[in-house]
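Structure below is input_26.txt: compact mmCIF, C-alpha atoms and all ligand atoms.
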# COMPACT_ATOMS: atom_id res chain seq x y z
CA MET A 1 -202.83 35.45 -268.65
CA LEU A 2 -205.02 33.90 -265.94
CA ARG A 3 -206.57 36.24 -263.40
CA ILE A 4 -206.87 34.70 -259.93
CA ALA A 5 -209.09 36.40 -257.33
CA ILE A 6 -207.98 35.85 -253.76
CA GLN A 7 -208.88 37.29 -250.35
CA GLY A 8 -206.92 40.52 -249.78
CA LYS A 9 -206.84 40.29 -245.99
CA GLY A 10 -208.31 37.79 -243.61
CA ARG A 11 -208.09 34.18 -242.63
CA LEU A 12 -207.54 32.74 -246.09
CA ASN A 13 -205.03 35.28 -247.36
CA GLU A 14 -201.78 33.88 -246.01
CA GLU A 15 -202.40 30.22 -246.79
CA THR A 16 -203.65 31.11 -250.27
CA LEU A 17 -200.48 33.06 -251.01
CA ASN A 18 -198.36 30.21 -249.60
CA LEU A 19 -200.07 27.64 -251.77
CA LEU A 20 -199.68 29.77 -254.89
CA GLN A 21 -196.06 30.44 -254.07
CA GLU A 22 -195.35 26.73 -253.63
CA ALA A 23 -197.02 26.22 -256.99
CA GLY A 24 -194.54 28.67 -258.49
CA VAL A 25 -196.90 31.63 -258.71
CA LYS A 26 -194.80 34.33 -257.08
CA LEU A 27 -195.76 37.97 -256.83
CA SER A 28 -193.76 40.57 -258.72
CA SER A 29 -194.22 43.15 -255.97
CA ALA A 30 -194.75 43.12 -252.24
CA LYS A 31 -196.96 46.20 -252.48
CA ARG A 32 -200.60 45.33 -252.01
CA THR A 33 -202.29 47.01 -254.91
CA LEU A 34 -205.55 45.61 -256.21
CA LEU A 35 -203.97 43.72 -259.10
CA ILE A 36 -200.45 42.27 -259.10
CA PRO A 37 -198.89 40.26 -261.91
CA ALA A 38 -197.04 37.05 -261.03
CA LYS A 39 -193.31 36.94 -261.71
CA THR A 40 -192.89 33.41 -262.89
CA PHE A 41 -196.26 32.29 -264.19
CA PRO A 42 -198.71 33.79 -266.71
CA ALA A 43 -201.16 34.92 -264.04
CA GLU A 44 -202.15 37.99 -262.09
CA LEU A 45 -203.65 38.17 -258.62
CA LEU A 46 -206.72 40.25 -257.87
CA PHE A 47 -207.12 41.01 -254.15
CA LEU A 48 -210.76 41.20 -253.05
CA ARG A 49 -213.01 40.77 -250.02
CA ASP A 50 -214.01 37.15 -249.88
CA ASP A 51 -217.68 38.14 -250.31
CA ASP A 52 -216.91 39.51 -253.77
CA ILE A 53 -214.91 36.56 -255.12
CA PRO A 54 -217.80 34.30 -256.30
CA GLN A 55 -219.39 37.14 -258.26
CA ALA A 56 -216.08 38.26 -259.78
CA VAL A 57 -215.44 34.73 -261.04
CA ALA A 58 -219.00 34.19 -262.28
CA ASP A 59 -218.87 37.48 -264.22
CA GLY A 60 -215.43 36.80 -265.67
CA VAL A 61 -213.83 39.77 -263.90
CA ALA A 62 -211.53 37.03 -262.61
CA ASP A 63 -211.03 33.66 -264.30
CA VAL A 64 -210.61 31.64 -261.12
CA GLY A 65 -210.76 32.39 -257.42
CA ILE A 66 -209.85 30.94 -254.05
CA VAL A 67 -212.61 31.28 -251.47
CA GLY A 68 -214.27 29.44 -248.57
CA GLU A 69 -216.79 26.88 -249.80
CA ASN A 70 -219.28 28.42 -247.32
CA GLU A 71 -218.96 31.82 -248.99
CA PHE A 72 -219.29 30.25 -252.43
CA MET A 73 -222.45 28.32 -251.43
CA GLU A 74 -223.97 31.39 -249.81
CA LYS A 75 -223.53 33.60 -252.84
CA GLN A 76 -225.11 31.13 -255.31
CA LYS A 77 -223.15 32.47 -258.26
CA ASN A 78 -222.75 30.71 -261.56
CA ALA A 79 -219.21 29.36 -261.25
CA GLU A 80 -217.86 25.90 -260.54
CA ILE A 81 -215.77 24.30 -257.84
CA ILE A 82 -212.62 22.97 -259.48
CA LYS A 83 -210.79 21.66 -256.47
CA LYS A 84 -210.85 21.54 -252.68
CA LEU A 85 -207.69 23.00 -251.25
CA GLY A 86 -207.44 21.47 -247.78
CA PHE A 87 -207.03 24.65 -245.70
CA GLY A 88 -209.43 27.14 -244.09
CA LYS A 89 -211.37 24.27 -242.61
CA CYS A 90 -214.39 25.13 -240.51
CA ARG A 91 -218.03 24.19 -240.14
CA LEU A 92 -221.30 26.08 -240.16
CA SER A 93 -223.42 25.18 -237.17
CA LEU A 94 -226.54 26.09 -235.29
CA ALA A 95 -225.94 27.07 -231.67
CA ILE A 96 -228.34 27.90 -228.86
CA PRO A 97 -228.01 29.23 -225.28
CA LYS A 98 -226.22 26.70 -223.08
CA GLU A 99 -229.00 26.27 -220.56
CA GLU A 100 -231.64 25.34 -223.15
CA ASP A 101 -232.79 21.73 -223.37
CA TYR A 102 -232.32 20.46 -226.87
CA ILE A 103 -233.81 17.30 -228.32
CA ASN A 104 -234.06 17.89 -232.05
CA LEU A 105 -234.42 20.48 -234.80
CA ASN A 106 -238.02 21.22 -233.78
CA TRP A 107 -236.52 23.44 -231.09
CA PHE A 108 -235.97 26.01 -233.86
CA ASN A 109 -239.64 26.21 -234.90
CA GLY A 110 -240.83 29.77 -234.36
CA LYS A 111 -237.41 30.92 -233.18
CA LYS A 112 -235.29 33.79 -234.45
CA ILE A 113 -231.84 32.83 -235.74
CA ALA A 114 -229.07 35.36 -236.36
CA SER A 115 -226.64 34.58 -239.17
CA SER A 116 -224.35 35.92 -241.87
CA TYR A 117 -225.33 32.94 -244.04
CA PRO A 118 -229.08 33.37 -244.62
CA VAL A 119 -229.11 31.47 -247.93
CA ILE A 120 -227.45 28.31 -246.61
CA LEU A 121 -229.55 28.50 -243.45
CA SER A 122 -232.92 28.95 -245.15
CA ASP A 123 -232.08 26.13 -247.50
CA PHE A 124 -231.33 23.86 -244.55
CA LEU A 125 -234.48 24.90 -242.65
CA LYS A 126 -236.64 24.36 -245.70
CA LYS A 127 -235.22 20.87 -246.26
CA ASN A 128 -236.03 19.99 -242.67
CA ALA A 129 -239.47 21.66 -242.69
CA ILE A 130 -238.56 24.04 -239.87
CA LYS A 131 -240.16 27.48 -239.83
CA ALA A 132 -237.89 30.01 -238.20
CA ASP A 133 -237.10 33.69 -238.64
CA ILE A 134 -233.68 34.50 -240.05
CA HIS A 135 -232.09 37.70 -238.87
CA THR A 136 -229.19 38.56 -241.17
CA ILE A 137 -226.22 40.35 -239.62
CA SER A 138 -222.77 40.66 -241.10
CA GLY A 139 -220.56 40.29 -238.05
CA SER A 140 -220.43 39.45 -234.32
CA VAL A 141 -223.23 36.95 -234.79
CA GLU A 142 -222.32 35.15 -231.58
CA ILE A 143 -223.37 38.01 -229.33
CA ALA A 144 -226.90 38.20 -230.81
CA PRO A 145 -228.64 35.87 -228.29
CA GLY A 146 -226.90 37.55 -225.32
CA ILE A 147 -228.25 40.98 -226.27
CA GLY A 148 -231.73 39.71 -227.10
CA LEU A 149 -231.41 40.09 -230.86
CA ALA A 150 -232.09 36.42 -231.56
CA ASP A 151 -232.80 33.08 -229.87
CA ALA A 152 -230.05 31.19 -231.64
CA ILE A 153 -227.25 31.63 -234.15
CA PHE A 154 -226.02 29.96 -237.29
CA ASP A 155 -222.34 30.68 -237.76
CA ILE A 156 -218.82 29.47 -238.49
CA VAL A 157 -217.32 27.27 -235.79
CA SER A 158 -213.74 26.07 -235.74
CA SER A 159 -212.68 25.33 -232.16
CA GLY A 160 -215.90 26.22 -230.39
CA SER A 161 -214.22 28.57 -227.91
CA THR A 162 -216.13 31.61 -229.20
CA LEU A 163 -219.39 29.77 -228.60
CA MET A 164 -218.34 28.82 -225.11
CA SER A 165 -217.39 32.35 -224.10
CA ASN A 166 -220.79 33.52 -225.31
CA HIS A 167 -222.64 30.83 -223.30
CA LEU A 168 -223.78 29.00 -226.42
CA LYS A 169 -223.69 25.33 -227.37
CA GLU A 170 -223.45 23.83 -230.81
CA VAL A 171 -226.45 21.62 -231.52
CA GLU A 172 -226.44 20.93 -235.28
CA THR A 173 -223.69 20.99 -237.89
CA VAL A 174 -225.08 22.05 -241.23
CA MET A 175 -222.02 22.05 -243.48
CA TYR A 176 -218.28 21.49 -243.47
CA SER A 177 -216.21 23.97 -245.43
CA GLU A 178 -212.68 24.48 -246.65
CA ALA A 179 -211.01 26.77 -249.17
CA VAL A 180 -211.86 25.85 -252.77
CA LEU A 181 -210.58 26.83 -256.18
CA ILE A 182 -213.55 28.06 -258.21
CA GLY A 183 -213.58 28.80 -261.92
CA ASN A 184 -215.53 30.71 -264.53
CA LYS A 185 -217.59 28.38 -266.68
CA SER A 186 -216.43 29.62 -270.07
CA LEU A 187 -212.69 30.12 -270.15
CA SER A 188 -210.80 30.59 -273.40
CA LYS A 189 -208.57 27.76 -274.65
CA GLU A 190 -205.50 29.73 -273.66
CA LYS A 191 -206.75 30.31 -270.10
CA GLU A 192 -207.87 26.72 -269.81
CA LYS A 193 -204.31 25.66 -270.59
CA ILE A 194 -202.80 27.91 -267.93
CA LEU A 195 -205.41 26.71 -265.44
CA ASN A 196 -204.54 23.08 -266.15
CA GLU A 197 -200.90 23.82 -265.44
CA LEU A 198 -201.89 25.54 -262.19
CA ILE A 199 -204.03 22.56 -261.13
CA PHE A 200 -201.18 20.18 -261.97
CA ARG A 201 -198.84 22.18 -259.75
CA ILE A 202 -201.33 22.45 -256.87
CA ASP A 203 -201.80 18.67 -257.04
CA ALA A 204 -198.04 18.19 -256.80
CA VAL A 205 -197.85 20.42 -253.72
CA GLN A 206 -200.81 18.70 -252.07
CA THR A 207 -199.60 15.19 -252.78
CA ALA A 208 -196.24 16.02 -251.24
CA GLU A 209 -197.78 17.58 -248.15
CA ASP A 210 -198.80 14.36 -246.48
CA LYS A 211 -195.77 12.37 -247.57
CA LYS A 212 -192.25 12.06 -246.19
CA TYR A 213 -189.06 10.76 -247.74
CA ILE A 214 -187.41 8.16 -245.55
CA LEU A 215 -183.86 6.77 -245.60
CA LEU A 216 -182.58 4.02 -243.35
CA ASN A 217 -179.87 1.41 -243.01
CA ALA A 218 -180.70 -2.24 -242.42
CA PRO A 219 -179.12 -5.67 -242.53
CA ASN A 220 -179.85 -7.43 -245.84
CA ASN A 221 -181.65 -10.36 -244.20
CA VAL A 222 -184.51 -8.13 -242.96
CA LEU A 223 -184.99 -6.26 -246.27
CA PRO A 224 -188.02 -8.33 -247.40
CA ASP A 225 -189.81 -7.49 -244.14
CA ILE A 226 -188.90 -3.85 -244.52
CA PHE A 227 -190.27 -3.78 -248.10
CA ASN A 228 -193.58 -5.03 -246.74
CA ILE A 229 -193.82 -2.03 -244.46
CA LEU A 230 -192.54 0.51 -246.99
CA PRO A 231 -194.55 0.32 -250.18
CA GLY A 232 -192.90 3.39 -251.74
CA MET A 233 -194.25 4.99 -254.89
CA ARG A 234 -193.32 1.97 -256.99
CA SER A 235 -190.91 0.09 -254.80
CA PRO A 236 -188.16 1.18 -252.43
CA THR A 237 -184.71 2.09 -253.73
CA VAL A 238 -181.95 -0.09 -252.26
CA VAL A 239 -178.29 0.91 -252.26
CA PRO A 240 -175.58 -1.40 -250.83
CA LEU A 241 -173.54 0.07 -247.98
CA ALA A 242 -169.74 -0.20 -247.82
CA GLN A 243 -170.25 -2.42 -244.80
CA GLU A 244 -170.81 -6.01 -245.99
CA GLY A 245 -174.35 -7.35 -245.52
CA TRP A 246 -176.03 -3.95 -245.06
CA SER A 247 -178.08 -1.73 -247.35
CA SER A 248 -179.53 1.74 -247.40
CA VAL A 249 -183.26 1.84 -248.21
CA HIS A 250 -185.03 4.94 -249.57
CA SER A 251 -188.77 5.31 -249.84
CA VAL A 252 -191.81 7.55 -249.44
CA ILE A 253 -194.23 7.11 -246.57
CA ASP A 254 -197.59 8.56 -245.52
CA GLU A 255 -197.33 11.15 -242.80
CA LYS A 256 -200.47 9.65 -241.22
CA ARG A 257 -198.78 6.27 -240.72
CA PHE A 258 -195.46 7.81 -239.73
CA TRP A 259 -195.12 6.67 -236.10
CA GLU A 260 -196.53 3.24 -236.76
CA ILE A 261 -194.04 2.70 -239.60
CA ILE A 262 -191.05 4.04 -237.66
CA GLY A 263 -191.86 1.74 -234.74
CA LYS A 264 -192.00 -1.34 -236.95
CA LEU A 265 -188.76 -0.42 -238.73
CA LYS A 266 -186.91 -0.05 -235.44
CA ASP A 267 -188.22 -3.40 -234.27
CA LEU A 268 -186.85 -4.99 -237.44
CA GLY A 269 -183.37 -3.59 -236.75
CA ALA A 270 -183.31 -0.53 -239.01
CA GLU A 271 -180.77 2.11 -238.02
CA GLY A 272 -179.88 5.67 -238.94
CA ILE A 273 -183.42 6.49 -239.96
CA LEU A 274 -183.75 9.89 -241.67
CA VAL A 275 -187.12 11.44 -242.45
CA ILE A 276 -187.17 14.36 -244.87
CA PRO A 277 -190.04 16.61 -245.99
CA ILE A 278 -190.93 16.45 -249.68
CA GLU A 279 -191.51 19.76 -251.39
CA LYS A 280 -193.33 18.59 -254.51
CA MET A 281 -194.35 15.21 -255.81
CA ILE A 282 -195.37 14.35 -259.35
CA LEU A 283 -197.02 10.97 -259.64
P1 LIG A 301 -213.44 39.72 -245.85
O1 LIG A 301 -212.92 40.98 -245.27
O2 LIG A 301 -212.56 39.24 -246.97
O3 LIG A 301 -214.88 39.77 -246.21
P2 LIG A 301 -214.30 37.96 -243.72
O4 LIG A 301 -214.22 38.68 -242.42
O5 LIG A 301 -215.61 37.79 -244.38
O6 LIG A 301 -213.25 38.61 -244.72
P3 LIG A 301 -212.60 35.83 -242.67
O7 LIG A 301 -212.93 35.90 -241.22
O8 LIG A 301 -211.28 36.31 -243.12
O9 LIG A 301 -213.76 36.48 -243.57
O10 LIG A 301 -212.81 34.30 -243.09
C1 LIG A 301 -212.67 33.89 -244.41
C2 LIG A 301 -213.05 32.43 -244.53
O11 LIG A 301 -212.14 31.64 -243.76
C3 LIG A 301 -214.41 32.02 -244.00
O12 LIG A 301 -215.44 32.30 -244.91
C4 LIG A 301 -214.22 30.53 -243.81
O13 LIG A 301 -214.39 29.86 -245.06
C5 LIG A 301 -212.76 30.41 -243.43
N1 LIG A 301 -212.53 30.07 -241.99
C6 LIG A 301 -211.82 29.04 -241.54
N2 LIG A 301 -211.79 28.98 -240.21
C7 LIG A 301 -212.48 30.01 -239.77
C8 LIG A 301 -212.83 30.50 -238.46
N3 LIG A 301 -212.42 29.90 -237.36
N4 LIG A 301 -213.57 31.61 -238.38
C9 LIG A 301 -213.97 32.25 -239.49
N5 LIG A 301 -213.68 31.82 -240.76
C10 LIG A 301 -212.96 30.70 -240.89
MG MG A 302 -216.37 38.45 -245.99

Have the structure of the file written as structure tokens, please.
Amino acid sequence: MLRIAIQGKGRLNEETLNLLQEAGVKLSSAKRTLLIPAKTFPAELLFLRDDDIPQAVADGVADVGIVGENEFMEKQKNAEIIKKLGFGKCRLSLAIPKEEDYINLNWFNGKKIASSYPVILSDFLKKNAIKADIHTISGSVEIAPGIGLADAIFDIVSSGSTLMSNHLKEVETVMYSEAVLIGNKSLSKEKEKILNELIFRIDAVQTAEDKKYILLNAPNNVLPDIFNILPGMRSPTVVPLAQEGWSSVHSVIDEKRFWEIIGKLKDLGAEGILVIPIEKMIL
């Protein structure tokens, strides 16, 4: 049985549960108790505040955990990052009042900076030989300069709209973060095995996420050109159509190149193009 610590409520909760569900780790009960066994996988989910996840994993209270990389770095606990998960993306930045002139980091010398991430911040300041005062607060960091509590802030930024409405501007990005799977450093053989299966499944979900399955009809004489555009996993599947001289081509394409590929296929004379999401993909 593998115990997975995840955020009980908050920004990472829903996407974490979705990812686990797509990996076949489904909850046996909708009731949110602290610990819920999975129905279809030898695991149980432990719902915690994100602050407590690194410690729980380091101590072996949980075997693995899903938490923001920022939170993991801040807590400095003895666990390891197994895998980046691609959601919960944000950055930790320094921001100062909008009207201030800013040239470089020296602006922060002798200033007071409010933050919920004092460890990451002091590490950054030390590396850059800046001497500033860190004022640790656990929430509403962005209002600190406005009420005279600090000269600047160091906080999570995603769109920047919170900064703007508090008359602040972002001047330095210190780290980029996303949700990560972290693990205890000494798992038993049995747990290691379950974890490997979980990682295999998460990989399959992630690989599928940015791929699409594509089907199209095309005249046989343009097939070589179409194969050049559609690499497929190995090579495209080609099935003859009832109509003489035409074939149906099936392949897998990158979501990122989607519009470019579709445009080229149309130009070559492809018809009846179908694009279908892929749920899982095992390479
Ligand atoms: P908890 O009650 O579990 O302690 P919290 O209030 O500390 O929750 P949340 O606001 O739910 O934390 O954020 C959890 C994590 O989500 C952050 O640590 C960060 O990694 C990530 N995140 C992604 N985008 C954002 C954002 N725009 N604002 C805040 N956090 C974000
Ligand atoms: Mg928290």

(message) Could you list the protein, DNA and RNA residues that have any atom within 7 Å of ligand LIG 301 (chain A), counting only C-alpha atoms and all ligand atoms, and write them as a PyMOL selection string?
(response) chain A and resi 7-12+48-51+67-71+88-90+156-159+177-179

Of A:Gly139, A:Pro231, A:Pro145, A:Gly24, the one sitting nearest ligand MG 302 (chain A) when using all atoms listed in the file is A:Gly139

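By chain and then residue number, the residues within 10 Å of Glu100 (chain A) are A:Trp107, A:Leu168, A:Lys169, counting all atoms listed in the file and disregarding those fewer than 5 positions away in sequence.
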
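Closest approach to ligand MG 302 (chain A) among A:Val57, A:Ile137, A:Leu20, A:Ile103: A:Ile137, based on all atoms listed in the file.
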
Q: Considering only C-alpha atoms, return as a ChimeraX atom specification whatever protein or nucleic-acid residues lie within 12 Å of Pro240 (chain A), sequence-local ones (same chain, fewer than 4 positions apart) excluded.
A: /A:216-220,223,244-250

Of A:Leu2, A:Val61, A:Leu85, A:Ala79, the one nearest to Glu15 (chain A) when counting all atoms listed in the file is A:Leu85

Using all atoms listed in the file, the best pick from A:Lys111, A:Leu230, A:Ile202, A:Lys189 as closest to Arg257 (chain A) would be A:Leu230

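Counting all atoms listed in the file and comparing A:Lys126, A:Lys264, A:Lys75, A:Lys26, the residue that lies closest to ligand MG 302 (chain A) is A:Lys75.
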
Within 12 Å of Asp123 (chain A) using only C-alpha atoms, minus same-chain residues under 2 positions, as a PyMOL selection string: chain A and resi 73-74+76+117-121+125-132+134+174-175

Next on the checklist: List as an NGL selection string the protein and nucleic acid residues near region 31-47 of chain A, meaning an atom at most 10 Å away when only C-alpha atoms are counted, but skip any in the same chain fewer than 2 places from it.
Outcome noted: :A and (1-9 or 13 or 17 or 20-21 or 23-29 or 49-50 or 52-53 or 56 or 61-65 or 191 or 194-195 or 197-198)

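The nearest approach to Ala58 (chain A) among the residues A:Thr207, A:Ser138, A:Asn184, A:Asn18, with all atoms listed in the file taken into account, belongs to A:Asn184.
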
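As for CA of Val180 (chain A) and CA of Phe200 (chain A), they are spaced 15.2 Å apart.
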
What's around Ile153 (chain A) at 12 Å? Count all atoms listed in the file, leave out sequence neighbours fewer than 6 positions away in its own chain, and write the answer as a JSON list (two decimals) with C-alpha atoms, in the frame of the given file.
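Everything below was put into result29.json:
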[["chain", "number", "residue", "atom", "x", "y", "z"],
["A", 92, "LEU", "CA", -221.30, 26.08, -240.16],
["A", 93, "SER", "CA", -223.42, 25.18, -237.17],
["A", 94, "LEU", "CA", -226.54, 26.09, -235.29],
["A", 95, "ALA", "CA", -225.94, 27.07, -231.67],
["A", 96, "ILE", "CA", -228.34, 27.90, -228.86],
["A", 97, "PRO", "CA", -228.01, 29.23, -225.28],
["A", 108, "PHE", "CA", -235.97, 26.01, -233.86],
["A", 111, "LYS", "CA", -237.41, 30.92, -233.18],
["A", 112, "LYS", "CA", -235.29, 33.79, -234.45],
["A", 113, "ILE", "CA", -231.84, 32.83, -235.74],
["A", 114, "ALA", "CA", -229.07, 35.36, -236.36],
["A", 115, "SER", "CA", -226.64, 34.58, -239.17],
["A", 116, "SER", "CA", -224.35, 35.92, -241.87],
["A", 117, "TYR", "CA", -225.33, 32.94, -244.04],
["A", 118, "PRO", "CA", -229.08, 33.37, -244.62],
["A", 121, "LEU", "CA", -229.55, 28.50, -243.45],
["A", 132, "ALA", "CA", -237.89, 30.01, -238.20],
["A", 133, "ASP", "CA", -237.10, 33.69, -238.64],
["A", 134, "ILE", "CA", -233.68, 34.50, -240.05],
["A", 135, "HIS", "CA", -232.09, 37.70, -238.87],
["A", 136, "THR", "CA", -229.19, 38.56, -241.17],
["A", 137, "ILE", "CA", -226.22, 40.35, -239.62],
["A", 139, "GLY", "CA", -220.56, 40.29, -238.05],
["A", 140, "SER", "CA", -220.43, 39.45, -234.32],
["A", 141, "VAL", "CA", -223.23, 36.95, -234.79],
["A", 142, "GLU", "CA", -222.32, 35.15, -231.58],
["A", 143, "ILE", "CA", -223.37, 38.01, -229.33],
["A", 144, "ALA", "CA", -226.90, 38.20, -230.81],
["A", 145, "PRO", "CA", -228.64, 35.87, -228.29],
["A", 146, "GLY", "CA", -226.90, 37.55, -225.32],
["A", 163, "LEU", "CA", -219.39, 29.77, -228.60],
["A", 166, "ASN", "CA", -220.79, 33.52, -225.31],
["A", 167, "HIS", "CA", -222.64, 30.83, -223.30],
["A", 168, "LEU", "CA", -223.78, 29.00, -226.42],
["A", 169, "LYS", "CA", -223.69, 25.33, -227.37],
["A", 170, "GLU", "CA", -223.45, 23.83, -230.81],
["A", 171, "VAL", "CA", -226.45, 21.62, -231.52],
["A", 172, "GLU", "CA", -226.44, 20.93, -235.28],
["A", 173, "THR", "CA", -223.69, 20.99, -237.89]]

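What separates CA of Ala204 (chain A) from CA of Glu279 (chain A) is a distance of 8.6 Å.
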